[in-house]
$ cat structure30.txt   # compact mmCIF, C-alpha atoms (C1' of nucleotides)
# COMPACT_ATOMS: atom_id res chain seq x y z
CA MET A 4 0.00 0.00 0.00
CA SER A 5 0.93 3.63 -0.29
CA THR A 6 3.19 4.08 2.68
CA ASP A 7 3.69 7.79 2.43
CA TYR A 8 6.03 10.13 4.21
CA PRO A 9 4.74 13.65 3.73
CA SER A 10 6.86 16.71 4.37
CA PRO A 11 5.06 19.98 5.05
CA ASP A 12 4.72 22.59 2.34
CA ILE A 13 7.75 24.84 2.67
CA GLU A 14 5.62 27.96 2.99
CA THR A 15 4.03 26.69 6.16
CA VAL A 16 7.32 25.86 7.83
CA GLN A 17 8.12 28.05 10.82
CA LEU A 18 11.63 29.01 11.77
CA VAL A 19 11.16 28.04 15.38
CA ASP A 20 10.25 24.51 14.33
CA ILE A 21 13.37 24.24 12.20
CA LEU A 22 15.41 25.40 15.17
CA ARG A 23 13.71 22.97 17.52
CA ALA A 24 14.46 20.14 15.14
CA LEU A 25 18.11 21.11 14.87
CA ALA A 26 18.60 21.78 18.56
CA ASP A 27 19.60 18.19 19.13
CA PRO A 28 23.11 16.85 18.56
CA THR A 29 21.97 13.75 16.69
CA ARG A 30 19.71 15.61 14.30
CA LEU A 31 22.20 18.41 13.74
CA GLN A 32 24.79 15.82 12.84
CA ILE A 33 22.39 14.08 10.46
CA VAL A 34 21.74 17.36 8.68
CA ARG A 35 25.46 18.01 8.37
CA LEU A 36 25.92 14.63 6.78
CA LEU A 37 23.06 15.41 4.41
CA ALA A 38 24.72 18.64 3.38
CA ASP A 39 25.72 17.30 -0.02
CA GLY A 40 22.05 17.40 -0.96
CA LYS A 41 22.11 13.79 -2.13
CA PRO A 42 19.75 11.15 -0.80
CA HIS A 43 21.20 9.01 1.99
CA PRO A 44 19.81 5.66 3.05
CA LYS A 45 18.26 5.51 6.49
CA THR A 46 20.01 2.23 7.09
CA GLN A 47 21.31 2.13 10.64
CA SER A 48 24.79 1.02 9.66
CA GLU A 49 25.28 4.11 7.49
CA TRP A 50 25.12 6.40 10.51
CA ASP A 51 27.33 5.77 13.41
CA PHE A 52 25.17 6.85 16.26
CA GLU A 53 24.84 4.69 19.31
CA LEU A 54 21.11 4.48 19.06
CA GLN A 55 18.53 1.79 18.46
CA LYS A 56 16.89 1.85 15.08
CA SER A 57 13.65 3.05 16.67
CA ALA A 58 15.46 6.12 18.00
CA LEU A 59 16.97 6.78 14.62
CA ALA A 60 13.52 6.49 13.03
CA TYR A 61 12.25 8.99 15.59
CA HIS A 62 14.91 11.52 14.59
CA PHE A 63 14.32 11.03 10.88
CA LYS A 64 10.64 11.61 11.45
CA SER A 65 11.33 14.77 13.48
CA LEU A 66 13.41 16.19 10.65
CA ARG A 67 10.84 15.36 8.02
CA GLU A 68 7.94 16.77 10.00
CA ALA A 69 9.87 19.95 10.69
CA GLY A 70 10.21 20.40 6.94
CA ILE A 71 13.94 19.81 6.78
CA THR A 72 14.05 16.58 4.83
CA ASN A 73 12.22 14.58 2.22
CA THR A 74 11.79 10.85 2.27
CA ILE A 75 12.33 8.81 -0.86
CA VAL A 76 11.00 5.28 -0.74
CA ASN A 77 12.92 2.83 -2.80
CA GLY A 78 11.57 -0.61 -2.40
CA ARG A 79 12.51 -1.79 1.02
CA THR A 80 15.04 0.90 1.69
CA HIS A 81 14.25 4.53 2.38
CA GLU A 82 16.42 7.52 1.74
CA ILE A 83 16.32 10.99 3.18
CA GLN A 84 17.43 14.13 1.51
CA LEU A 85 17.93 17.66 2.77
CA ARG A 86 15.45 20.11 1.24
CA ARG A 87 18.33 22.44 0.57
CA GLU A 88 16.96 24.64 -2.18
CA GLU A 89 13.54 25.05 -0.68
CA LEU A 90 14.97 25.84 2.73
CA ASN A 91 17.35 28.28 1.18
CA ALA A 92 14.52 30.09 -0.53
CA ARG A 93 12.40 30.17 2.62
CA PHE A 94 15.20 30.99 5.10
CA PRO A 95 18.00 32.49 3.06
CA GLY A 96 21.45 31.75 4.39
CA LEU A 97 20.28 29.62 7.27
CA ILE A 98 21.25 26.17 6.09
CA ASP A 99 24.58 27.39 4.77
CA ALA A 100 25.34 29.01 8.10
CA LEU A 101 24.49 25.82 9.98
CA ILE A 102 26.46 23.56 7.73
CA SER A 103 29.55 25.66 7.30
CA SER A 104 30.04 26.24 10.99
CA THR A 105 32.66 24.08 12.63
CA PRO A 106 31.10 20.84 13.91
CA ASP A 107 32.83 21.06 17.25
CA THR A 108 35.47 22.97 19.10
CA SER A 109 38.31 21.14 20.73
CA PRO A 110 38.94 22.13 24.34
CA ALA A 111 41.48 24.90 24.78
CA SER A 112 44.96 23.48 25.12
CA MET B 24 28.43 42.96 46.10
CA SER B 25 29.59 41.96 42.69
CA THR B 26 26.47 40.46 41.23
CA ASP B 27 27.93 39.16 38.04
CA TYR B 28 26.34 37.76 34.92
CA PRO B 29 29.00 35.94 32.98
CA SER B 30 28.58 34.97 29.36
CA PRO B 31 30.72 32.13 28.04
CA ASP B 32 33.79 32.84 25.94
CA ILE B 33 32.61 32.89 22.35
CA GLU B 34 35.15 30.25 21.33
CA THR B 35 33.60 27.70 23.65
CA VAL B 36 30.08 28.26 22.40
CA GLN B 37 28.62 25.29 20.55
CA LEU B 38 26.17 25.65 17.70
CA VAL B 39 23.77 23.13 19.16
CA ASP B 40 23.50 25.21 22.33
CA ILE B 41 22.72 28.33 20.32
CA LEU B 42 20.04 26.41 18.48
CA ARG B 43 18.58 25.01 21.69
CA ALA B 44 18.38 28.51 23.11
CA LEU B 45 16.63 29.85 20.03
CA ALA B 46 14.28 26.92 19.61
CA ASP B 47 11.70 28.63 21.79
CA PRO B 48 9.24 31.24 20.52
CA THR B 49 9.81 33.63 23.40
CA ARG B 50 13.58 33.58 23.15
CA LEU B 51 13.57 33.79 19.38
CA GLN B 52 11.36 36.84 19.63
CA ILE B 53 13.66 38.40 22.23
CA VAL B 54 16.63 37.95 19.94
CA ARG B 55 14.72 39.51 17.07
CA LEU B 56 13.98 42.52 19.20
CA LEU B 57 17.65 42.72 20.16
CA ALA B 58 18.66 42.72 16.52
CA ASP B 59 19.57 46.39 16.58
CA GLY B 60 22.55 45.45 18.72
CA LYS B 61 21.70 48.06 21.31
CA PRO B 62 21.21 47.23 24.98
CA HIS B 63 17.60 46.72 26.00
CA PRO B 64 16.35 46.88 29.58
CA LYS B 65 15.09 43.63 31.02
CA THR B 66 12.17 45.49 32.52
CA GLN B 67 9.04 43.42 32.13
CA SER B 68 6.95 46.25 30.69
CA GLU B 69 9.36 46.67 27.78
CA TRP B 70 8.55 43.23 26.40
CA ASP B 71 5.02 42.29 25.81
CA PHE B 72 5.05 38.65 26.63
CA GLU B 73 2.37 37.20 28.81
CA LEU B 74 4.79 35.81 31.28
CA GLN B 75 5.65 36.33 34.91
CA LYS B 76 8.88 38.15 35.57
CA SER B 77 10.43 34.93 36.82
CA ALA B 78 9.78 33.31 33.46
CA LEU B 79 11.27 36.28 31.68
CA ALA B 80 14.35 36.08 33.93
CA TYR B 81 14.62 32.38 33.06
CA HIS B 82 14.67 33.14 29.33
CA PHE B 83 17.20 35.95 29.70
CA LYS B 84 19.44 33.61 31.63
CA SER B 85 19.09 30.89 28.99
CA LEU B 86 20.17 33.31 26.29
CA ARG B 87 23.13 34.57 28.28
CA GLU B 88 24.33 31.11 29.23
CA ALA B 89 24.06 29.95 25.64
CA GLY B 90 26.42 32.76 24.70
CA ILE B 91 23.87 34.79 22.79
CA THR B 92 23.63 37.86 24.98
CA ASN B 93 25.61 39.98 27.39
CA THR B 94 24.21 41.49 30.53
CA ILE B 95 24.97 45.07 31.45
CA VAL B 96 24.22 46.02 35.04
CA ASN B 97 23.25 49.60 35.52
CA GLY B 98 22.34 50.29 39.07
CA ARG B 99 19.07 48.63 39.72
CA THR B 100 18.19 48.00 36.12
CA HIS B 101 19.83 45.45 33.87
CA GLU B 102 20.15 45.50 30.15
CA ILE B 103 20.81 42.74 27.66
CA GLN B 104 22.53 43.04 24.38
CA LEU B 105 22.93 40.65 21.49
CA ARG B 106 26.56 39.58 20.99
CA ARG B 107 26.13 40.27 17.32
CA GLU B 108 29.71 40.74 16.18
CA GLU B 109 31.13 37.89 18.18
CA LEU B 110 28.39 35.54 17.04
CA ASN B 111 28.90 36.63 13.50
CA ALA B 112 32.59 35.85 13.69
CA ARG B 113 31.98 32.49 15.31
CA PHE B 114 28.98 31.41 13.20
CA PRO B 115 29.11 33.50 10.05
CA GLY B 116 25.72 34.37 8.62
CA LEU B 117 23.73 32.61 11.29
CA ILE B 118 22.35 35.57 13.21
CA ASP B 119 21.58 37.47 10.03
CA ALA B 120 19.69 34.48 8.68
CA LEU B 121 17.67 34.16 11.88
CA ILE B 122 16.84 37.81 12.12
CA SER B 123 16.00 38.48 8.52
CA SER B 124 13.64 35.57 8.17
CA THR B 125 9.96 36.45 8.37
CA PRO B 126 8.78 36.36 11.98
CA ASP B 127 5.64 34.38 11.19
CA THR B 128 3.48 33.21 8.35
CA SER B 129 -0.20 33.91 8.43
CA PRO B 130 -2.40 30.84 8.00
CA ALA B 131 -3.50 30.16 4.45
CA SER B 132 -6.84 31.82 3.75
C1' DA C 16 16.45 53.82 58.37
C1' DG C 17 12.35 52.47 55.73
C1' DC C 18 10.09 51.73 51.54
C1' DA C 19 9.71 50.98 46.65
C1' DT C 20 11.59 49.12 42.42
C1' DA C 21 14.19 45.69 39.53
C1' DG C 22 15.52 41.45 39.12
C1' DT C 23 16.99 36.58 40.75
C1' DT C 24 16.43 32.12 42.71
C1' DC C 25 14.00 28.18 44.33
C1' DA C 26 10.79 24.31 44.76
C1' DA C 27 6.88 22.35 42.71
C1' DC C 28 4.36 21.12 38.95
C1' DA C 29 2.99 20.25 34.10
C1' DA C 30 4.15 19.33 29.63
C1' DG C 31 7.40 17.68 26.14
C1' DA C 32 11.37 15.20 24.36
C1' DT C 33 14.24 11.08 23.99
C1' DT C 34 15.30 6.25 24.40
C1' DT C 35 14.29 1.34 24.67
C1' DG C 36 12.40 -3.06 23.41
C1' DA C 37 8.83 -5.44 21.38
C1' DA C 38 5.44 -5.94 18.01
C1' DC C 39 4.21 -4.73 13.64
C1' DT C 40 4.20 -3.59 8.21
C1' DA C 41 6.25 -3.69 3.78
C1' DT C 42 9.39 -5.50 0.47
C1' DT C 43 12.64 -8.67 -1.58
C1' DC C 44 14.64 -13.13 -2.44
C1' DC C 45 14.61 -18.16 -2.63
C1' DG D 29 4.63 -19.36 0.52
C1' DG D 30 8.33 -18.58 3.93
C1' DA D 31 12.37 -16.34 5.62
C1' DA D 32 15.19 -12.37 5.83
C1' DT D 33 15.77 -7.37 5.63
C1' DA D 34 14.44 -2.43 6.32
C1' DG D 35 11.95 0.41 8.63
C1' DT D 36 7.76 2.06 11.59
C1' DT D 37 4.87 2.42 15.56
C1' DC D 38 3.63 1.99 20.27
C1' DA D 39 3.69 2.09 25.35
C1' DA D 40 6.62 2.70 29.16
C1' DA D 41 10.36 4.81 31.47
C1' DT D 42 13.18 8.63 32.10
C1' DC D 43 14.85 13.12 31.52
C1' DT D 44 14.55 17.93 30.28
C1' DT D 45 12.02 22.39 29.77
C1' DG D 46 9.02 26.06 30.84
C1' DT D 47 5.84 28.25 34.08
C1' DT D 48 4.21 29.90 38.54
C1' DG D 49 4.28 32.05 42.96
C1' DA D 50 6.82 33.08 46.87
C1' DA D 51 10.90 34.39 49.03
C1' DC D 52 14.96 36.64 48.45
C1' DT D 53 18.95 40.21 47.05
C1' DA D 54 20.42 44.52 45.48
C1' DT D 55 19.84 49.28 44.50
C1' DG D 56 17.81 53.78 44.73
C1' DC D 57 14.96 57.37 46.92
C1' DT D 58 13.20 60.22 50.63
$ encode --input "structure30.txt" --output "structure tokens"
Amino acid sequence: MSTDYPSPDIETVQLVDILRALADPTRLQIVRLLADGKPHPKTQSEWDFELQKSALAYHFKSLREAGITNTIVNGRTHEIQLRREELNARFPGLIDALISSTPDTSPAS
Amino acid sequence: MSTDYPSPDIETVQLVDILRALADPTRLQIVRLLADGKPHPKTQSEWDFELQKSALAYHFKSLREAGITNTIVNGRTHEIQLRREELNARFPGLIDALISSTPDTSPAS
DNA sequence: AGCATAGTTCAACAAGATTTGAACTATTCC
DNA sequence: GGAATAGTTCAAATCTTGTTGAACTATGCT
């Protein structure tokens, strides 16, 4: 049957919801890895988080529902893709700023 | 006595903490109102949120601790100021993207 | 000193977010 | 059809956030 994974229309997406979705280390990291704009399989082994697959599914769903990603169903595997162009049109500069910023700062030595 | 309101060194500020701080409608709105870079008094009547002063104090503290604002003590009144230049150097384009994006979208009619 | 004003802190509560494991659905392959 | 693979959903447990009201600290004013 039509198992469908709808993302909200970009016009209805609110900034605060984008921020809430990205205000989590796991999801921020996912988005950074999606930065190339290409679809990435949801397959647990592709992501090296120490999380159960149900937790990973929860984060993927959060990102999709916030309007950040699209889901592409491909037989038995699913892929997610950053909605880079749409997000850029709706919130100019935001995604670039998030992705280009250094992932982490090493402690002062 | 020295009642002090320390903000973290900008170099130690992590993006995810900035995002967590801004992932709340009240705090996002505060930051938008601070966009002019000038100090704004914390005085409850200056902000028209429907919140107790303790809740407002909680949000101001969250923003300061996340590294987003500075506190300026001026006798019995306090002011907060967006750390615009420092944030811009640390996370280029981020604050601009947040501030320039439309505050809200009206529901489709 | 005494009082008013500005703001903070604290404990308690309510509401939300995250994780886990188990059960479930959908798809592919033999 | 049956087994394996990929992913979702659900309830339960736990943790984190935001709000309130009351008590408190600090400063200014008379």
$ interface_residues --input "structure30.txt" --of "chain D" --to "chain B" --cutoff "10 Å" --atoms "only C-alpha atoms (C1' of nucleotides)" --output "PyMOL selection string"
chain D and resi 46-49+53-56
$ atom_distance --input "structure30.txt" --atom1 "atom CA of Leu97 of chain A" --atom2 "atom CA of Ala120 of chain B"
5.1 Å
$ interface_residues --input "structure30.txt" --of "chain A" --to "chain B" --cutoff "7 Å" --atoms "all atoms listed in the file" --output "compact mmCIF listing (two decimals) with C-alpha atoms, in the coordinates of the input"
# COMPACT_ATOMS: atom_id res chain seq x y z
CA THR A 15 4.03 26.69 6.16
CA GLN A 17 8.12 28.05 10.82
CA VAL A 19 11.16 28.04 15.38
CA LEU A 22 15.41 25.40 15.17
CA ARG A 23 13.71 22.97 17.52
CA LEU A 25 18.11 21.11 14.87
CA ALA A 26 18.60 21.78 18.56
CA ASP A 27 19.60 18.19 19.13
CA PRO A 28 23.11 16.85 18.56
CA PHE A 94 15.20 30.99 5.10
CA PRO A 95 18.00 32.49 3.06
CA GLY A 96 21.45 31.75 4.39
CA LEU A 97 20.28 29.62 7.27
CA ALA A 100 25.34 29.01 8.10
CA LEU A 101 24.49 25.82 9.98
CA SER A 104 30.04 26.24 10.99
CA ASP A 107 32.83 21.06 17.25
CA THR A 108 35.47 22.97 19.10
$ residues_around --input "structure30.txt" --residues "DT58 of chain D" --least-positions-apart "5" --cutoff "12 Å" --atoms "all atoms listed in the file" --output "JSON list (two decimals) with C-alpha atoms (C1' of nucleotides), keeping the file's coordinate frame"
[["chain", "number", "residue", "atom", "x", "y", "z"],
["C", 16, "DA", "C1'", 16.45, 53.82, 58.37],
["C", 17, "DG", "C1'", 12.35, 52.47, 55.73],
["C", 18, "DC", "C1'", 10.09, 51.73, 51.54],
["C", 19, "DA", "C1'", 9.71, 50.98, 46.65]]
$ closest_atom_pairs --input "structure30.txt" --of "chain C" --to "chain B" --cutoff "9 Å" --atoms "all atoms listed in the file" --output "JSON lines"
{"residue": "C:DT20", "atom": "C1'", "partner": "B:Arg99", "partner_atom": "CA", "distance": 8.0}
{"residue": "C:DA21", "atom": "C1'", "partner": "B:Arg99", "partner_atom": "CA", "distance": 5.7}
{"residue": "C:DG22", "atom": "C1'", "partner": "B:Ala80", "partner_atom": "CA", "distance": 7.6}
{"residue": "C:DT23", "atom": "C1'", "partner": "B:Ala80", "partner_atom": "CA", "distance": 7.3}
{"residue": "C:DT24", "atom": "C1'", "partner": "B:Ser77", "partner_atom": "CA", "distance": 8.9}
$ atom_distance --input "structure30.txt" --atom1 "atom CA of Glu73 of chain B" --atom2 "atom CA of Ile91 of chain B"
22.5 Å
$ closest_residue --input "structure30.txt" --among "A:Ala38, A:Ile13, A:Val76, A:Ala69" --to "DA41 of chain C" --atoms "all atoms listed in the file"
A:Val76
$ residues_near_point --input "structure30.txt" --point "(10.6, 18.2, 5.2)" --cutoff "10 Å" --atoms "only C-alpha atoms (C1' of nucleotides)" --output "ChimeraX atom specification"
/A:8-13,16,21,63-74,83-87,89-90
$ axis_aligned_box --input "structure30.txt" --around "segment 31-37 of chain D" --padding-each-side "5 Å" --output "AutoDock Vina command-line options"
--center_x 10.3 --center_y -7.0 --center_z 10.6 --size_x 20.9 --size_y 28.8 --size_z 19.9
$ atom_distance --input "structure30.txt" --atom1 "atom CA of Leu36 of chain A" --atom2 "atom CA of Ile75 of chain A"
16.6 Å
$ residues_near_point --input "structure30.txt" --point "(19.7, 10.4, 0.3)" --cutoff "7 Å" --atoms "only C-alpha atoms (C1' of nucleotides)" --output "list in words"
Lys41, Pro42, His43, Pro44, Glu82, Ile83 and Gln84 of chain A
$ write_last_selection --input "structure30.txt" --atoms "C-alpha atoms" --output "tab-separated table (two decimals), in the frame of the given file"
chain	number	residue	atom	x	y	z
A	41	LYS	CA	22.11	13.79	-2.13
A	42	PRO	CA	19.75	11.15	-0.80
A	43	HIS	CA	21.20	9.01	1.99
A	44	PRO	CA	19.81	5.66	3.05
A	82	GLU	CA	16.42	7.52	1.74
A	83	ILE	CA	16.32	10.99	3.18
A	84	GLN	CA	17.43	14.13	1.51
$ residues_around --input "structure30.txt" --residues "DC45 of chain C" --least-positions-apart "2" --cutoff "10 Å" --atoms "only C-alpha atoms (C1' of nucleotides)" --output "ChimeraX atom specification"
/C:43 /D:30-31
$ build_atoms --input "structure30.txt" --residues "segment 87-102 of chain A" --atoms "N, CA and C atoms" --output "PDB file, in the coordinates of the input"
ATOM      1  N   ARG A  87      17.403  21.318   0.559  1.00  0.00           N
ATOM      2  CA  ARG A  87      18.330  22.440   0.570  1.00  0.00           C
ATOM      3  C   ARG A  87      17.822  23.665  -0.178  1.00  0.00           C
ATOM      4  N   GLU A  88      17.379  23.477  -1.395  1.00  0.00           N
ATOM      5  CA  GLU A  88      16.960  24.640  -2.180  1.00  0.00           C
ATOM      6  C   GLU A  88      15.723  25.312  -1.613  1.00  0.00           C
ATOM      7  N   GLU A  89      14.761  24.485  -1.244  1.00  0.00           N
ATOM      8  CA  GLU A  89      13.540  25.050  -0.680  1.00  0.00           C
ATOM      9  C   GLU A  89      13.815  25.800   0.619  1.00  0.00           C
ATOM     10  N   LEU A  90      14.644  25.195   1.462  1.00  0.00           N
ATOM     11  CA  LEU A  90      14.970  25.840   2.730  1.00  0.00           C
ATOM     12  C   LEU A  90      15.733  27.128   2.490  1.00  0.00           C
ATOM     13  N   ASN A  91      16.576  27.092   1.482  1.00  0.00           N
ATOM     14  CA  ASN A  91      17.350  28.280   1.180  1.00  0.00           C
ATOM     15  C   ASN A  91      16.470  29.429   0.694  1.00  0.00           C
ATOM     16  N   ALA A  92      15.433  29.058  -0.048  1.00  0.00           N
ATOM     17  CA  ALA A  92      14.520  30.090  -0.530  1.00  0.00           C
ATOM     18  C   ALA A  92      13.672  30.636   0.623  1.00  0.00           C
ATOM     19  N   ARG A  93      13.291  29.751   1.522  1.00  0.00           N
ATOM     20  CA  ARG A  93      12.400  30.170   2.620  1.00  0.00           C
ATOM     21  C   ARG A  93      13.171  30.886   3.720  1.00  0.00           C
ATOM     22  N   PHE A  94      14.372  30.399   4.031  1.00  0.00           N
ATOM     23  CA  PHE A  94      15.200  30.990   5.100  1.00  0.00           C
ATOM     24  C   PHE A  94      16.598  31.251   4.563  1.00  0.00           C
ATOM     25  N   PRO A  95      16.743  32.300   3.794  1.00  0.00           N
ATOM     26  CA  PRO A  95      18.000  32.490   3.060  1.00  0.00           C
ATOM     27  C   PRO A  95      19.222  32.532   4.000  1.00  0.00           C
ATOM     28  N   GLY A  96      20.205  31.739   3.629  1.00  0.00           N
ATOM     29  CA  GLY A  96      21.450  31.750   4.390  1.00  0.00           C
ATOM     30  C   GLY A  96      21.480  30.836   5.598  1.00  0.00           C
ATOM     31  N   LEU A  97      20.317  30.388   6.027  1.00  0.00           N
ATOM     32  CA  LEU A  97      20.280  29.620   7.270  1.00  0.00           C
ATOM     33  C   LEU A  97      21.015  28.291   7.175  1.00  0.00           C
ATOM     34  N   ILE A  98      20.645  27.491   6.205  1.00  0.00           N
ATOM     35  CA  ILE A  98      21.250  26.170   6.090  1.00  0.00           C
ATOM     36  C   ILE A  98      22.762  26.268   5.857  1.00  0.00           C
ATOM     37  N   ASP A  99      23.144  27.193   5.004  1.00  0.00           N
ATOM     38  CA  ASP A  99      24.580  27.390   4.770  1.00  0.00           C
ATOM     39  C   ASP A  99      25.306  27.721   6.065  1.00  0.00           C
ATOM     40  N   ALA A 100      24.707  28.600   6.846  1.00  0.00           N
ATOM     41  CA  ALA A 100      25.340  29.010   8.100  1.00  0.00           C
ATOM     42  C   ALA A 100      25.474  27.813   9.052  1.00  0.00           C
ATOM     43  N   LEU A 101      24.470  26.972   9.067  1.00  0.00           N
ATOM     44  CA  LEU A 101      24.490  25.820   9.980  1.00  0.00           C
ATOM     45  C   LEU A 101      25.520  24.794   9.540  1.00  0.00           C
ATOM     46  N   ILE A 102      25.596  24.599   8.247  1.00  0.00           N
ATOM     47  CA  ILE A 102      26.460  23.560   7.730  1.00  0.00           C
ATOM     48  C   ILE A 102      27.921  23.967   7.681  1.00  0.00           C
TER      49      ILE A 102
END
